[in-house]
Protein chains: 6
Amino acid sequence: MRVIASRTPGFVGADLANIVNEAALLAARKDKESVEMADIEEAIDRVIAGLEKKRRLMSKKEKEIVAFHESGHAIVASLLPNADPVRRISIIPRGISALGYTLQLPTEDRYLMTKTELQDRMAVLLGGRVAEEITFGEISTGAHNDLQRATDIATSMVKEFGMSEKLGYVTFEKEKKPLFLPSSLLSSREYSEDTAKQIDEEVKKIIDETYRKAKEILTAKKEELGELARLLLEKEVVEEADLKKILQSSASNPI
Amino acid sequence: MRVIASRTPGFVGADLANIVNEAALLAARKDKESVEMADIEEAIDRVIAGLEKKRRLMSKKEKEIVAFHESGHAIVASLLPNADPVRRISIIPRGISALGYTLQLPTEDRYLMTKTELQDRMAVLLGGRVAEEITFGEISTGAHNDLQRATDIATSMVKEFGMSEKLGYVTFEKEKKPLFLPSSLLSSREYSEDTAKQIDEEVKKIIDETYRKAKEILTAKKEELGELARLLLEKEVVEEADLKKILQSSASNPI
Amino acid sequence: MRVIASRTPGFVGADLANIVNEAALLAARKDKESVEMADIEEAIDRVIAGLEKKRRLMSKKEKEIVAFHESGHAIVASLLPNADPVRRISIIPRGISALGYTLQLPTEDRYLMTKTELQDRMAVLLGGRVAEEITFGEISTGAHNDLQRATDIATSMVKEFGMSEKLGYVTFEKEKKPLFLPSSLLSSREYSEDTAKQIDEEVKKIIDETYRKAKEILTAKKEELGELARLLLEKEVVEEADLKKILQSSASNPI
Amino acid sequence: MRVIASRTPGFVGADLANIVNEAALLAARKDKESVEMADIEEAIDRVIAGLEKKRRLMSKKEKEIVAFHESGHAIVASLLPNADPVRRISIIPRGISALGYTLQLPTEDRYLMTKTELQDRMAVLLGGRVAEEITFGEISTGAHNDLQRATDIATSMVKEFGMSEKLGYVTFEKEKKPLFLPSSLLSSREYSEDTAKQIDEEVKKIIDETYRKAKEILTAKKEELGELARLLLEKEVVEEADLKKILQSSASNPI
Amino acid sequence: MRVIASRTPGFVGADLANIVNEAALLAARKDKESVEMADIEEAIDRVIAGLEKKRRLMSKKEKEIVAFHESGHAIVASLLPNADPVRRISIIPRGISALGYTLQLPTEDRYLMTKTELQDRMAVLLGGRVAEEITFGEISTGAHNDLQRATDIATSMVKEFGMSEKLGYVTFEKEKKPLFLPSSLLSSREYSEDTAKQIDEEVKKIIDETYRKAKEILTAKKEELGELARLLLEKEVVEEADLKKILQSSASNPI
Amino acid sequence: MRVIASRTPGFVGADLANIVNEAALLAARKDKESVEMADIEEAIDRVIAGLEKKRRLMSKKEKEIVAFHESGHAIVASLLPNADPVRRISIIPRGISALGYTLQLPTEDRYLMTKTELQDRMAVLLGGRVAEEITFGEISTGAHNDLQRATDIATSMVKEFGMSEKLGYVTFEKEKKPLFLPSSLLSSREYSEDTAKQIDEEVKKIIDETYRKAKEILTAKKEELGELARLLLEKEVVEEADLKKILQSSASNPI
C-alpha cells in the first residue's frame with residue numbers, strides 16, 4: 001500500500017480505481033489468476049506516462065477551453081448558497097480521463113440532500129459548458145461527463161425522489177437488484193410510453209432551468225470568469241484564496 | 001448464533017440480512033468457498049463503525065430533517081384507525097441504511113389486508129415526506145425508500161389485488177416464477193400500451209389521494225408535529241407513552 | 001413414501017409439491033447434492049408448524065373474511081349448471097398458502113372444456129371476492145390468487161382457444177417451448193400494439209361479465225351466504241349435505 | 001429398435017418423439033448420463049397407461065365432441081380439391097396429446113405448396129371447430145392445436161411466402177438461425193408497429209375467410225357430418241371406404 | 001480433401017457448407033469431440049440420398065413450377081444490362097435445399113455495387129415468382145428464399161447504403177459486432193417507431209418497383225418463357241447457348 | 001515484433017488489428033489455447049494474398065469509382081478550415097476492407113473537439129459519396145463505412161455532447177458499462193418514443209446539412225475533383241504536394 005501511495009501523489013479515489021482496473025486488464029492479458037504488485041506498478045507507469053503525454057500533446061486551444069471550463073465550474077460553485085465551497089482549481093490533467101478539475105469540499109457523500117442542494121450541484125456541473133458557450137460562442141465535447149452527471153441527478157429527482165410535481169410521489173425504479181448482475185440488463189421499463197414521455201419532459205425542464213441559472217451567474221460574472229481562466233492558464237493551479245480575491249474584487253453580489 | 005446476538009443489540013431482521021450480505025461480499029473478496037464466522041464478525045464491525053461514523057457526521061440540518069420526517073410517520077400512524085400502533089420513534093441511525101425509524105407493532109405480516117388497511121399503511125409511509133414539506137417548505141432525498149414502498153403497495157392494489165375500479169378484476173402479473181432467477185428478468189410486460197397507461201394513472205391517483213390524506217392530518221396536527229420532533233432531537237428516542245401525551249394534550253380528534 | 005404419507009394427512013398434491021420445494025431449499029442451504037429424507041421431514045415439520053401458527057395468529061376479522069369468501073365460492077359453484085359439485089368447505093388453513101378452501105369434485109383435469117364450463121369455473125373463482133364485497137362493502141387481498149386464475153382462464157379463451165368473437169380464430173402463443181427454459185423468457189410478444197389492446201379489452205370484458213353473473217347469484221342468495229359463513233365459523237368444516245340443506249331451505253331457484 | 005417397434009403398434013413419429021422425450025426426463029431424474037433402454041420401456045409403459053386411462057375417463061359428452069370434431073376435419077378434407085385424401089378417422093386417443101385423429105395421405109412433406117393448397121389445408125384444420133359450432137352451438141378447447149397450426153400457416157403466408165397482397169413481396173423473418181438456440185429468443189421483431197398491425201390484420205383476414213369456407217361446406221353437408229360422427233361413436237374407427245359411402249349417398253357435389 | 005471432392009461433383013460452396021453442418025450434427029450425436037472423416041462421408045451419403053429421393057418424389061406439377069420459376073430468373077437476368085450473364089439453368093435438385101438453379105457468372109462477390117446493379121440483382125431474384133404468377137395465375141412457397149434475399153438487399157439499401165432518398169444518408173446498423181454472438185441478439189432496434197415505419201415503407205416501395213420491372217420483362221417475353229421452360233422440362237439442364245438461341249429468335253429488344 | 005513489422009510495410013493500426021483478429025480465428029480453428037507466431041504469419045500471408053487478389057480483380061469501373069470517391073474526401077478535407085490536412089491519397093487497397101484511403105494528419109485522437117470540428121470531420125466523410133453522385137449520377141455501396149461513421153458522430157453530438165438545440169443538455173447513454181459485455185446488449189433504450197423520434201430527426205438534420213455543405217464544395221471544385229481522380233488513376237498514389245498544386249491552380253477560394 002505504501003508503495004502505491006508514494007507513487008500516486010495527488011491521485012483521488014477514482015484515479016486509484018482506474019489504476020486497479022488497468023492492472024486487472026494487464027493481469028488478464030498475461031493469463032494470471034490474480035492481480036500482482038507488478039501489474040499495479042505497470043498500470044501506474046502507464047497512467048503517469050499517459051498523463052505526461054496528454055499534458056504535452058494538448059493544443060493551446062484545448063488548454064484554453066479547459067481553463068474556461070473549469071473556471072465556469074468554480075465560479076458557479078462559489079456563488080450558489082447550497083454548493084460545496086471550492087478549494088482548488090487545476091488544469092493539470094488528473095488521472096486517466098479528466099483534463100482538469102475543480103475540487104470542492106466536503107467530498108463526503110451526504111446522508112440527505114434537499115431539492116435545492118441537488119439543483120445547485122447540477123448548476124455547478126453545467127457551469128463548465130456555459131463558460132465555453134459564453135466565452136467562445138462554440139461548444140466542445142469536454143462537457144460530456146458533466147452533462148451525464150447532471151442528467152443522472154435530474155433523472156433521480158424525477159424517478160426516485162418524487163421531486164417533480166407532474167410525476168408526483170410515484171417512483172419508477174425497483175429497489176432490489178440481484179448482486180453482480182449489470183443493472184442495465186434488469187431495468188426493463190415497466191411504465192407506459194405516456195409516463196416515459198412525461199419523465200423525459202420533466203428531466204429536460206429541470207436541466208434547462210438549471211442551465212439558465214448557471215448562464216445568468218456566469219454572464220453577470222463574465223469578467224471574473226476571464227480573470228480566473230487567465231490565472232489558471234498562467235499558474236495551472238489556483239487555490240481557494242486566489243479565487244476569493246478575484247470574486248471579492250468585483251462589486252456584484254452572489255446571485 | 002449467541003456471539004452474533006450479543007454483538008448486535010437492537011438490530012432487526014433487515015439489519016442482520018445486511019450483515020450477512022456484507023459478510024458474503026467479504027468472503028467472496030477473499031475467495032472463500034463459504035462465509036466464515038470471521039467474515040461475519042468483520043461485517044458486524046464495519047456496520048457498527050458505519051453507524052457511529054454516520055451519527056457523528058450527520059449535520060444539524062440533517063438531524064432536524066430526520067426528526068420531523070419520523071415524527072410525520074408517527075403522528076399519521078397514531079391517528080389513522082387502521083394503522084398499526086406506534087411503539088417507539090428514534091433518530092439513532094439503525095442498521096446500514098436507515099437514518100431513523102418509527103417502530104409499529106405488530107410487525108408480523110398479516111394474512112389478509114383490506115383495501116382500507118393498505119391505504120392507511122401508505123399514508124403512514126408518505127407522512128414522512130409530508131412532514132418535511134409542511135415544515136421546511138422543501139423536500140429531501142430522505143423519503144426515497146418510503147415513496148418506493150408506497151408505490152409498490154399502490155401498484156399491487158392495481159395489478160394484483162383487483163382494487164382499482166378502472167382496471168377491474170384482471171391481474172397483470174404471472175404467479176409462478178422459476179426459482180433463483182431474478183424476477184425482473186422475467187416480468188416482461190405482456191399487456192398493451194393502453195393498459196400500461198391506465199395502470200400508471202391509477203397508481204398515481206391512489207398515491208395522490210393518500211398523500212392528500214396524510215397532508216390533511218399533519219396540517220391539522222402541525223403543532224404536535226413540531227413538539228414531537230423537538231422532543232426527538234432532545235432525547236433521540238421517544239416511547240409510545242410520550243407520543244400519546246403529546247397527541248392527547250391537543251384538543252383535536254383523530255381524522 | 002409411507003412415512004411421508006402418514007405424516008401428511010389431508011394434504012393435497014400442491015401441498016406435497018410445496019413440501020418438496022421447501023426440502024430442496026433446505027438441502028441446497030446445507031450444500032447437499034441431493035434431497036434426503038431428513039430434509040423432507042424437516043420440511044414437513046416446518047409446514048405443519050406454519051399451519052398451526054397461522055391458525056393461532058389469524059384475527060377474528062380475518063377468519064370472518066375467509067368464511068364469507070369460501071362461502072361465496074361454494075354457493076356460486078352449487079348454483080351454476082356447469083360447475084363441478086362442492087364436496088366440502090373449510091376454513092382450516094391448508095398447506096402453505098391457502099387460508100381456507102372449497103373442494104369440488106371431480107378434481108381430475110378435463111380433456112375438453114366447453115366455453116360455458118370455462119365461464120362457470122371463472123364465476124366460481126370470482127365468487128369469493130363478490131362475497132367479500134357484498135358482505136363487508138370492502139375488499140381484501142385474499143382474492144389475489146382467484147383473480148389470477150380467472151385472468152389466466154379468460155386470457156387462454158382469447159389467446160389460445162379462439163373463444164373471443166373480436167379476435168376470432170387466430171391464436172397468439174407458440175406451441176413448442178424448449179424444455180427447461182422458463183416460458184416467460186420466451187413468450188416475447190410478436191403481435192401488434194393494436195392486437196394487444198384488443199386482447200386486453202376482451203379479457204377484461206369476459207372477466208367483467210362473469211363477475212356480474214357471480215354478483216347476481218350471490219345478491220339473490222345473500223341470506224344463504226350469511227347462513228353458510230356462520231356455520232363455517234362455528235364448525236370450521238362444512239360438508240356437502242349441510243350446504244345442500246342451506247340452499248334447499250331457500251325458495252329461490254338456481255340462476 | 002425391434003423391441004420398441006413391437007411395443008408401439010399404431011404409433012406415429014410424433015408419438016415416438018414424445019416417448020423419447022419422456023424417457024429423457026426419466027433418465028434425467030435418475031441422474032443418468034444417457035438414456036437407457038430401461039428408460040424407454042418405462043416411458044412406453046407410462047404412455048400406454050396414459051392412453052388407457054384417458055380412454056376410460058373421457059365422458060360421453062367429450063367423446064361426442066371428439067367424434068363431431070374429427071368428422072368435421074374429414075368431410076372438409078374430402079370435399080376440397082387440393083386437400084390430401086382421408087384414409088382413416090379415429091376417436092381412439094392416439095399418443096400423448098391427441099383425443100382423436102383424421103389420417104390424410106400422403107403424410108410426406110411437399111417440396112412446394114401453392115397458395116390454394118395452403119388455404120385448403122387450413123380449411124381442413126378449421127373444420128373441426130366448425131363442426132363443433134354448427135352441431136352443439138357451443139365450442140370447446142379441443143380446437144386449440146388446430147387453431148395454432150392454422151395460424152402458423154396463415155402467418156407464414158403473410159410473413160415468409162409473400163402471399164398477402166397488402167404486405168407484398170417483403171419477408172419478415174431472418175433466414176439464418178444459429179444452431180441449438182431456441183428460435184423464439186432470436187426473432188426479436190425488427191419491423192414497425194404499423195407493419196405489425198397490417199400483418200395481424202392480414203393473418204386474421206386469411207383465417208376468417210378460410211373459416212367461412214369450411215363453414216359453408218359443413219353447413220351444406222350437415223347431415224353427412226352427423227351420420228359420420230354417429231358411425232365413429234359406434235365403431236371408434238372409420239376407414240376411407242365408409243367415409244366415401246356416406247358422402248356419395250348424398251346428392252350434393254364438392255364445394 | 002480429394003476424397004470429398006471426388007464424391008461431390010457439381011456441388012457448390014453452399015452445398016459443402018451444408019455437408020459440413022450435417023457432419024457436425026452427426027458427430028455431436030455420437031458425442032465426438034471433433035468431426036471425423038467418417039462423419040463427413042456419412043453426411044455426403046445422406047445428402048446424395050436426399051437428392052435422389054427428392055428427384056424421384058417431386059410431382060409433375062412441382063417440376064413444372066420449378067421449370068417456369070428458373071426460366072423466370074434466367075430470362076430476367078439475360079435481359080437486364082447490369083445483371084451477371086446466365087451460364088446454365090437446371091431443374092435437377094442441387095444440394096440440400098434448392099429444387100433447381102440458375103447459374104450466373106461471375107460468382108465472385110463484387111467489391112462495389114452500384115444502386116442499379118443491386119436493383120437488377122433483385123429483379124432477377126423476383127423473376128422466379130413473377131414467372132409462376134403469369135404462367136399459372138397462382139403462386140407457390142418456392143419463392144420463399146428469393147423473397148428473403150431480395151428483402152435483404154432492399155433493407156441494406158435503405159439501412160446501410162444510404163440509397164433511399166427519404167431516409168437519407170443516415171445508417172441504422174452498428175458496424176462492430178462481437179465475434180461468435182448471433183447478430184440477431186444484438187441488433188436491438190435503437191431508432192424510433194416513426195423511423196421504423198419509414199424504413200418499412202421504403203423497403204416495400206423498392207421491392208414493389210423491382211417486381212413491376214421483372215413483370216414487364218416477363219410479360220413481354222411470355223412466349224420465350226414458355227419455350228425455355230418446356231426445354232428445361234425435357235432436358236433438365238439448359239446451357240447458355242440454347243438460352244441465347246431462344247431469346248434471339250424473338251424480335252423484341254432487351255427492356 | 002520485428003518480424004511482423006518487416007512483413008507489414010504501410011499497414012496502419014486497423015490493419016494490424018485485422019491481422020491479429022484473423023490469426024485468432026486461425027488459432028481457434030486449430031483448437032490452440034493461444035495465438036502463436038505461426039498463426040500470425042499465416043494471417044499476414046492471407047491478408048497480403050487478399051490484397052493482391054483484390055487489386056487484380058477490381059474492374060476498371062470499380063477503380064474509377066474508388067478514385068473519385070477518395071478524391072472527394074481529399075478535396076473537402078483540404079478546403080474546410082477545421083479538418084486535418086491531407087498527406088496522401090491512395091487507391092491501392094489497404095488492409096482487409098479498404099479499397100483506397102485518404103490519409104489525414106495528425107491521426108492522434110484529440111482530447112477535445114469543438115462542434116465545428118466534428119461537423120467538418122463529417123463533411124470529409126460524406127465527401128466520398130458526394131463525389132460519386134456528382135460524377136456518375138449514380139451511387140455505390142462504397143460509402144457504407146463513411147455513412148456509418150458520420151452517423152456515429154452525429155448521434156454522439158445529439159445523445160452525448162448536448163450539441164442539439166432541440167434535445168438540449170440532456171444525455172441519453174449510461175456512462176458505466178460492465179467490462180467485456182457487448183455494449184449493444186446493455187443499451188436498452190430507456191427514453192420515450194417521442195424522444196427517440198426527436199433524436200432521429202436531429203441526427204438526420206445534422207447529416208443532411210453536412211451533406212449539403214460537402215456538395216457545395218465539390219460542385220464548386222468539380223474540375224479539380226476530376227483532375228485529382230485522373231491523376232490518382234494514373235499514379236495510384238498522390239502526395240500532399242500534388243494535391244496542393246491542383247487546388248492552387250484553380251482561382252476559387254476555400255469555401
# chains A, B, ... in the order shown; residues from 1 in each chain; ligands from 1
>>> interface_residues(of="chain C", to="chain B", cutoff="6 Å", atoms="only C-alpha atoms", output="PyMOL selection string")
chain C and resi 139-142+144+148+151+184-185+193+196-197
>>> write_last_selection(atoms="N, CA, C and O atoms", output="PDB file, in the first residue's frame")
ATOM      1  N   ILE C 139     -63.089  -4.800   0.251  1.00  0.00           N
ATOM      2  CA  ILE C 139     -62.435  -5.969  -0.321  1.00  0.00           C
ATOM      3  C   ILE C 139     -61.040  -6.151   0.273  1.00  0.00           C
ATOM      4  O   ILE C 139     -60.439  -5.221   0.799  1.00  0.00           O
ATOM      5  N   SER C 140     -60.526  -7.386   0.164  1.00  0.00           N
ATOM      6  CA  SER C 140     -59.227  -7.675   0.777  1.00  0.00           C
ATOM      7  C   SER C 140     -58.267  -8.280  -0.254  1.00  0.00           C
ATOM      8  O   SER C 140     -58.634  -8.544  -1.402  1.00  0.00           O
ATOM      9  N   THR C 141     -57.041  -8.494   0.192  1.00  0.00           N
ATOM     10  CA  THR C 141     -56.027  -9.110  -0.662  1.00  0.00           C
ATOM     11  C   THR C 141     -56.257 -10.607  -0.861  1.00  0.00           C
ATOM     12  O   THR C 141     -55.575 -11.246  -1.655  1.00  0.00           O
ATOM     13  N   GLY C 142     -57.238 -11.161  -0.150  1.00  0.00           N
ATOM     14  CA  GLY C 142     -57.444 -12.606  -0.152  1.00  0.00           C
ATOM     15  C   GLY C 142     -57.866 -13.181  -1.493  1.00  0.00           C
ATOM     16  O   GLY C 142     -57.733 -14.378  -1.724  1.00  0.00           O
ATOM     17  N   HIS C 144     -56.544 -12.468  -4.330  1.00  0.00           N
ATOM     18  CA  HIS C 144     -55.434 -12.359  -5.261  1.00  0.00           C
ATOM     19  C   HIS C 144     -55.282 -13.577  -6.172  1.00  0.00           C
ATOM     20  O   HIS C 144     -55.290 -13.488  -7.395  1.00  0.00           O
ATOM     21  N   GLN C 148     -56.074 -14.098 -10.279  1.00  0.00           N
ATOM     22  CA  GLN C 148     -55.046 -14.563 -11.220  1.00  0.00           C
ATOM     23  C   GLN C 148     -55.538 -15.740 -12.044  1.00  0.00           C
ATOM     24  O   GLN C 148     -55.347 -15.781 -13.258  1.00  0.00           O
ATOM     25  N   THR C 151     -58.117 -14.648 -14.494  1.00  0.00           N
ATOM     26  CA  THR C 151     -57.444 -13.930 -15.595  1.00  0.00           C
ATOM     27  C   THR C 151     -56.774 -14.916 -16.538  1.00  0.00           C
ATOM     28  O   THR C 151     -56.830 -14.761 -17.769  1.00  0.00           O
ATOM     29  N   SER C 184     -41.643 -17.683 -19.583  1.00  0.00           N
ATOM     30  CA  SER C 184     -41.809 -16.238 -19.690  1.00  0.00           C
ATOM     31  C   SER C 184     -40.661 -15.599 -20.458  1.00  0.00           C
ATOM     32  O   SER C 184     -40.804 -14.558 -21.067  1.00  0.00           O
ATOM     33  N   LEU C 185     -39.505 -16.228 -20.425  1.00  0.00           N
ATOM     34  CA  LEU C 185     -38.380 -15.680 -21.177  1.00  0.00           C
ATOM     35  C   LEU C 185     -38.619 -15.777 -22.672  1.00  0.00           C
ATOM     36  O   LEU C 185     -38.042 -15.031 -23.450  1.00  0.00           O
ATOM     37  N   GLU C 193     -49.371  -3.703 -31.115  1.00  0.00           N
ATOM     38  CA  GLU C 193     -49.997  -2.946 -30.042  1.00  0.00           C
ATOM     39  C   GLU C 193     -51.517  -2.998 -30.155  1.00  0.00           C
ATOM     40  O   GLU C 193     -52.223  -3.159 -29.162  1.00  0.00           O
ATOM     41  N   ALA C 196     -52.756  -6.237 -29.070  1.00  0.00           N
ATOM     42  CA  ALA C 196     -52.599  -6.337 -27.621  1.00  0.00           C
ATOM     43  C   ALA C 196     -53.728  -5.606 -26.905  1.00  0.00           C
ATOM     44  O   ALA C 196     -54.264  -6.078 -25.900  1.00  0.00           O
ATOM     45  N   LYS C 197     -54.086  -4.447 -27.431  1.00  0.00           N
ATOM     46  CA  LYS C 197     -55.171  -3.655 -26.839  1.00  0.00           C
ATOM     47  C   LYS C 197     -56.495  -4.423 -26.937  1.00  0.00           C
ATOM     48  O   LYS C 197     -57.265  -4.485 -25.968  1.00  0.00           O
TER      49      LYS C 197
END
>>> residues_around(residues="E:Gly127", least_positions_apart="4", cutoff="9 Å", atoms="only C-alpha atoms", output="PyMOL selection string")
chain E and resi 69-77+122-123+131-132+211+214-215+217-218
>>> write_last_selection(atoms="C-alpha atoms", output="PDB file, in the first residue's frame")
ATOM      1  CA  HIS E  69     -39.603 -20.433 -61.870  1.00  0.00           C
ATOM      2  CA  GLU E  70     -35.991 -20.972 -63.005  1.00  0.00           C
ATOM      3  CA  SER E  71     -36.813 -19.800 -66.530  1.00  0.00           C
ATOM      4  CA  GLY E  72     -38.123 -16.585 -64.986  1.00  0.00           C
ATOM      5  CA  HIS E  73     -34.784 -15.975 -63.214  1.00  0.00           C
ATOM      6  CA  ALA E  74     -32.838 -16.736 -66.379  1.00  0.00           C
ATOM      7  CA  ILE E  75     -34.783 -14.528 -68.780  1.00  0.00           C
ATOM      8  CA  VAL E  76     -34.786 -11.504 -66.451  1.00  0.00           C
ATOM      9  CA  ALA E  77     -31.041 -11.981 -65.868  1.00  0.00           C
ATOM     10  CA  MET E 122     -33.301  -8.027 -57.060  1.00  0.00           C
ATOM     11  CA  ALA E 123     -35.251  -8.145 -60.302  1.00  0.00           C
ATOM     12  CA  ALA E 131     -42.947 -16.383 -63.873  1.00  0.00           C
ATOM     13  CA  GLU E 132     -45.128 -18.537 -61.590  1.00  0.00           C
ATOM     14  CA  TYR E 211     -41.282  -6.600 -59.040  1.00  0.00           C
ATOM     15  CA  ALA E 214     -39.484  -8.039 -63.643  1.00  0.00           C
ATOM     16  CA  LYS E 215     -43.167  -8.442 -64.533  1.00  0.00           C
ATOM     17  CA  ILE E 217     -39.945  -8.055 -68.849  1.00  0.00           C
ATOM     18  CA  LEU E 218     -41.550 -11.461 -68.457  1.00  0.00           C
TER      19      LEU E 218
END
>>> residues_around(residues="D:Leu25", least_positions_apart="6", cutoff="12 Å", atoms="only C-alpha atoms", output="PyMOL selection string")
(chain C and resi 179-180) or (chain D and resi 18-19+31-36+39-40+42-43)
>>> select_by_dssp(residues="stretch 25-209 of chain F", states="alpha helix (DSSP H)", output="NGL selection string")
:F and (25-29 or 37-57 or 60-79 or 115-136 or 144-159 or 183-186 or 193-209)
>>> atom_distance(atom1="atom CA of D:Gln104", atom2="atom CA of D:Phe11")
15.1 Å
>>> select_by_dssp(residues="stretch 20-150 of chain B", states="strand (DSSP E or B)", output="number ranges by chain")
B: 86-90, 94, 98, 101-104, 114, 140
>>> closest_residue(among="F:Ile153, F:Leu231, F:Leu80, F:Ala67", to="F:Gly128", atoms="only C-alpha atoms")
F:Ala67
>>> atom_distance(atom1="atom CA of B:Ile207", atom2="atom CA of C:Ile65")
26.1 Å
>>> atom_distance(atom1="atom CA of F:Leu51", atom2="atom CA of F:Gly100")
11.2 Å
>>> decode(residues="stretch 58-66 of chain F", atoms="all heavy atoms", output="PDB file, in the first residue's frame")
ATOM      1  N   MET F  58     -10.329  -6.035 -59.152  1.00  0.00           N
ATOM      2  CA  MET F  58     -11.203  -4.868 -59.264  1.00  0.00           C
ATOM      3  C   MET F  58     -11.348  -4.464 -60.723  1.00  0.00           C
ATOM      4  O   MET F  58     -10.373  -4.385 -61.463  1.00  0.00           O
ATOM      5  CB  MET F  58     -10.635  -3.708 -58.453  1.00  0.00           C
ATOM      6  CG  MET F  58     -11.185  -3.672 -57.032  1.00  0.00           C
ATOM      7  SD  MET F  58     -11.246  -1.985 -56.428  1.00  0.00           S
ATOM      8  CE  MET F  58      -9.507  -1.692 -56.216  1.00  0.00           C
ATOM      9  N   SER F  59     -12.602  -4.202 -61.127  1.00  0.00           N
ATOM     10  CA  SER F  59     -12.845  -3.814 -62.514  1.00  0.00           C
ATOM     11  C   SER F  59     -12.430  -2.355 -62.727  1.00  0.00           C
ATOM     12  O   SER F  59     -12.248  -1.600 -61.788  1.00  0.00           O
ATOM     13  CB  SER F  59     -14.325  -3.975 -62.838  1.00  0.00           C
ATOM     14  OG  SER F  59     -15.054  -3.009 -62.109  1.00  0.00           O
ATOM     15  N   LYS F  60     -12.295  -1.970 -63.987  1.00  0.00           N
ATOM     16  CA  LYS F  60     -11.961  -0.583 -64.330  1.00  0.00           C
ATOM     17  C   LYS F  60     -13.013   0.363 -63.740  1.00  0.00           C
ATOM     18  O   LYS F  60     -12.676   1.414 -63.175  1.00  0.00           O
ATOM     19  CB  LYS F  60     -11.906  -0.447 -65.862  1.00  0.00           C
ATOM     20  CG  LYS F  60     -11.332   0.880 -66.320  1.00  0.00           C
ATOM     21  CD  LYS F  60     -11.077   0.898 -67.816  1.00  0.00           C
ATOM     22  CE  LYS F  60     -10.908   2.354 -68.295  1.00  0.00           C
ATOM     23  NZ  LYS F  60     -12.160   3.137 -68.294  1.00  0.00           N
ATOM     24  N   LYS F  61     -14.252  -0.020 -63.851  1.00  0.00           N
ATOM     25  CA  LYS F  61     -15.353   0.790 -63.313  1.00  0.00           C
ATOM     26  C   LYS F  61     -15.186   0.975 -61.801  1.00  0.00           C
ATOM     27  O   LYS F  61     -15.319   2.082 -61.270  1.00  0.00           O
ATOM     28  CB  LYS F  61     -16.684   0.073 -63.624  1.00  0.00           C
ATOM     29  CG  LYS F  61     -17.927   0.653 -63.003  1.00  0.00           C
ATOM     30  CD  LYS F  61     -18.563   1.718 -63.907  1.00  0.00           C
ATOM     31  CE  LYS F  61     -19.822   2.294 -63.280  1.00  0.00           C
ATOM     32  NZ  LYS F  61     -20.934   1.337 -63.278  1.00  0.00           N
ATOM     33  N   GLU F  62     -14.877  -0.119 -61.108  1.00  0.00           N
ATOM     34  CA  GLU F  62     -14.688  -0.023 -59.659  1.00  0.00           C
ATOM     35  C   GLU F  62     -13.519   0.902 -59.319  1.00  0.00           C
ATOM     36  O   GLU F  62     -13.592   1.713 -58.398  1.00  0.00           O
ATOM     37  CB  GLU F  62     -14.460  -1.424 -59.062  1.00  0.00           C
ATOM     38  CG  GLU F  62     -15.751  -2.237 -58.936  1.00  0.00           C
ATOM     39  CD  GLU F  62     -15.530  -3.671 -58.462  1.00  0.00           C
ATOM     40  OE1 GLU F  62     -14.497  -4.270 -58.848  1.00  0.00           O
ATOM     41  OE2 GLU F  62     -16.382  -4.181 -57.725  1.00  0.00           O
ATOM     42  N   LYS F  63     -12.417   0.753 -60.040  1.00  0.00           N
ATOM     43  CA  LYS F  63     -11.261   1.607 -59.768  1.00  0.00           C
ATOM     44  C   LYS F  63     -11.603   3.077 -59.965  1.00  0.00           C
ATOM     45  O   LYS F  63     -11.188   3.933 -59.195  1.00  0.00           O
ATOM     46  CB  LYS F  63     -10.080   1.191 -60.651  1.00  0.00           C
ATOM     47  CG  LYS F  63      -9.287   0.063 -60.002  1.00  0.00           C
ATOM     48  CD  LYS F  63      -7.952  -0.188 -60.675  1.00  0.00           C
ATOM     49  CE  LYS F  63      -7.331  -1.452 -60.091  1.00  0.00           C
ATOM     50  NZ  LYS F  63      -6.809  -2.369 -61.112  1.00  0.00           N
ATOM     51  N   GLU F  64     -12.385   3.369 -61.000  1.00  0.00           N
ATOM     52  CA  GLU F  64     -12.800   4.740 -61.256  1.00  0.00           C
ATOM     53  C   GLU F  64     -13.639   5.296 -60.106  1.00  0.00           C
ATOM     54  O   GLU F  64     -13.439   6.420 -59.658  1.00  0.00           O
ATOM     55  CB  GLU F  64     -13.617   4.766 -62.548  1.00  0.00           C
ATOM     56  CG  GLU F  64     -13.156   5.817 -63.548  1.00  0.00           C
ATOM     57  CD  GLU F  64     -13.939   5.651 -64.826  1.00  0.00           C
ATOM     58  OE1 GLU F  64     -15.082   6.146 -64.909  1.00  0.00           O
ATOM     59  OE2 GLU F  64     -13.419   4.974 -65.738  1.00  0.00           O
ATOM     60  N   ILE F  65     -14.568   4.464 -59.659  1.00  0.00           N
ATOM     61  CA  ILE F  65     -15.413   4.908 -58.540  1.00  0.00           C
ATOM     62  C   ILE F  65     -14.553   5.202 -57.316  1.00  0.00           C
ATOM     63  O   ILE F  65     -14.700   6.237 -56.659  1.00  0.00           O
ATOM     64  CB  ILE F  65     -16.486   3.828 -58.200  1.00  0.00           C
ATOM     65  CG1 ILE F  65     -17.494   3.712 -59.342  1.00  0.00           C
ATOM     66  CG2 ILE F  65     -17.191   4.162 -56.902  1.00  0.00           C
ATOM     67  CD1 ILE F  65     -18.503   2.572 -59.172  1.00  0.00           C
ATOM     68  N   VAL F  66     -13.607   4.294 -57.051  1.00  0.00           N
ATOM     69  CA  VAL F  66     -12.748   4.496 -55.875  1.00  0.00           C
ATOM     70  C   VAL F  66     -11.928   5.784 -56.010  1.00  0.00           C
ATOM     71  O   VAL F  66     -11.787   6.557 -55.066  1.00  0.00           O
ATOM     72  CB  VAL F  66     -11.816   3.276 -55.667  1.00  0.00           C
ATOM     73  CG1 VAL F  66     -10.816   3.542 -54.547  1.00  0.00           C
ATOM     74  CG2 VAL F  66     -12.641   2.026 -55.351  1.00  0.00           C
TER      75      VAL F  66
END
